[in-house]
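The structure under discussion appears below in the form of structure tokens.
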Amino acid sequence: MLYNELIENICIRYFKILKTEAKIPQKEIAKYIGVSDCLISKWKNRNRRISAEYYKNIQNFFVKQEFDPCFEKHRRWLLQHFDDVDADISPQEFWEKLFQGKLKSNIVSMDTFIEILHLILKERSNHRYSVEMITKTNQNKCVEDKRIQITNGDKSLEISFNDMDTLAVKSERKKLLIDRQQLKSLNQIHSFRVVCSYDITEKQLIFLNQCAEKVEECLKVL
């Protein structure tokens with residue numbers, strides 16, 4: 001994952017946290033950063049990428065002292081994405097190091113995640129259904145993302161990730177979101193090993209196997 005993609009993912013999550021928990025109006029966030037309220041919405045909906053020109057203002061916004069309680073509450077979530085980070089790092093130091101590219105990320109790209117999940121699902125397929133990779137572009141043609149389409153006759157499921165922590169399983173009628181906390185309740189799966197050059201940790205592979213198990217539950221209705 002390119003470092004700016006990781007920053008973007010964290011920024012979007014933190015914008016949502018600040019709005020819901022610190023009760024910061026989105027218009028106030030937009031005014032401080034120097035953008036329109038509409039652009040913030042497009043960032044949050046993944047319809048537009050966050051341009052690097054805004055990173056400095058976003059960093060200054062996050063460093064503001066009154067937001068420390070939100071950082072502390074979500075410290076574990078923020079720090080789990082990095083290697084060799086002091087667990088007691090201050091909010092100010094975290095944001096400075098993040099935006100200066102001084103934190104070593106342990107995250108691979110969502111594209112890589114979906115590619116490996118695709119391999120796992122194909123490996124597990126009992127040929128009752130077909131598994132294929134598709135690339136989709138949103139309506140504004142700003143963001144492309146990879147998805148997995150599973151079909152059985154005229155029925156289908158579409159698999160993607162909303163972010164690095166949330167699996168999205170979409171059927172014709174509804175969309176089911178499954179976060180990492182829900183997946184933790186599943187047992188570890190050791191039946192599959194990816195032999196490839198992907199830089200992925202054992203924990204990440206276990207997570208993807210747990211995702212595959214959840215997808216298989218959804219496939220029972222196909």
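Every chain in the structure tokens takes a letter, A first, then B, and so on in the order presented; its residues are numbered from 1, and the ligands are numbered from 1 following the presented order.
Look at range 104-117 of chain A: the protein and nucleic acid residues within 7 Å of it, using only C-alpha atoms and passing over chain neighbours fewer than 4 places away, are Met1, His81, Phe82, Asp83, Leu121, Lys146, Arg147, Ser160, Met164, Ile200, Leu208 and Ala212 of chain A.
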* Asked: Tell me, which residues of chain A carry DSSP alpha helix (DSSP H), written as a VMD selection string?
  -> chain A and resid 3 to 21 26 to 33 37 to 44 55 to 63 68 to 73 75 to 79 91 to 99 110 to 124 180 to 183 202 to 219
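CA of Asn4 in chain A to CA of Gln100 in chain A spans 10.3 Å [interatomic distance, one decimal].
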* Tell me, as a list in words, which residues lie within 8 Å of Val63 in chain A, counting only C-alpha atoms; anything in the same chain fewer than 3 positions away does not count. => Gln59, Asn60, Phe67, Asp68, Pro91, Gln92 and Trp95 of chain A
* Selection: 12 Å around Gly153 in chain A, only C-alpha atoms, excl. self and same-chain fewer than 5 positions, as a list of chain:residue names ->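 Contacts, in chain order: A:His127, A:Arg128, A:Tyr129, A:Ser130, A:Leu222.
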Please dump the current selection as a CSV table (one decimal), in the first residue's frame; keep N, CA, C and O atoms.
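Writing done, so here's again-v6.csv:
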```csv
chain,number,residue,atom,x,y,z
A,127,HIS,N,-16.9,-26.2,-6.7
A,127,HIS,CA,-17.4,-26.2,-8.1
A,127,HIS,C,-18.9,-26.0,-8.2
A,127,HIS,O,-19.5,-26.1,-9.3
A,128,ARG,N,-19.5,-25.8,-7.0
A,128,ARG,CA,-21.0,-25.5,-7.0
A,128,ARG,C,-21.2,-24.1,-7.5
A,128,ARG,O,-22.3,-23.7,-7.9
A,129,TYR,N,-20.2,-23.3,-7.3
A,129,TYR,CA,-20.3,-21.9,-7.7
A,129,TYR,C,-19.0,-21.5,-8.4
A,129,TYR,O,-17.9,-22.1,-8.3
A,130,SER,N,-19.0,-20.4,-9.2
A,130,SER,CA,-17.8,-19.9,-9.8
A,130,SER,C,-17.3,-18.6,-9.1
A,130,SER,O,-18.1,-17.8,-8.6
A,222,LEU,N,-27.0,-19.7,-1.6
A,222,LEU,CA,-27.0,-19.7,-3.1
A,222,LEU,C,-27.3,-21.1,-3.6
A,222,LEU,O,-27.0,-22.1,-3.0
```
* **Backbone DSSP call of strand (DSSP E) for range 40-216 of chain A, listed as JSON, numbers by chain** => {"A": [82, 83, 104, 105, 130, 131, 132, 133, 134, 135, 136, 137, 144, 145, 146, 147, 148, 149, 150, 151, 152, 155, 156, 157, 158, 159, 160, 161, 162, 163, 166, 167, 168, 169, 170, 175, 176, 177, 178, 179]}
* Kindly give the distance, in Å, that separates CA of Thr166 in chain A and CA of Ser51 in chain A, rounded to a single decimal. =>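 Computing it gives 23.8 Å between the two atoms.
Taking CA of Arg46 in chain A as the reference point, CA of Ile12 in chain A is found at 8.9 Å.
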* Distance criterion (only C-alpha atoms): nearest to Ile120 in chain A out of A:Glu158, A:Glu172, A:Glu72, A:Glu216 ->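 Ranked by minimum distance to Ile120 in chain A, first place goes to A:Glu216.
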* To do: Give the answer as one residue: which of A:Arg75, A:Lys64, A:Lys102, A:Arg49 has the shortest atom-to-atom distance to Ile89 in chain A, using only C-alpha atoms?
  => A:Arg75
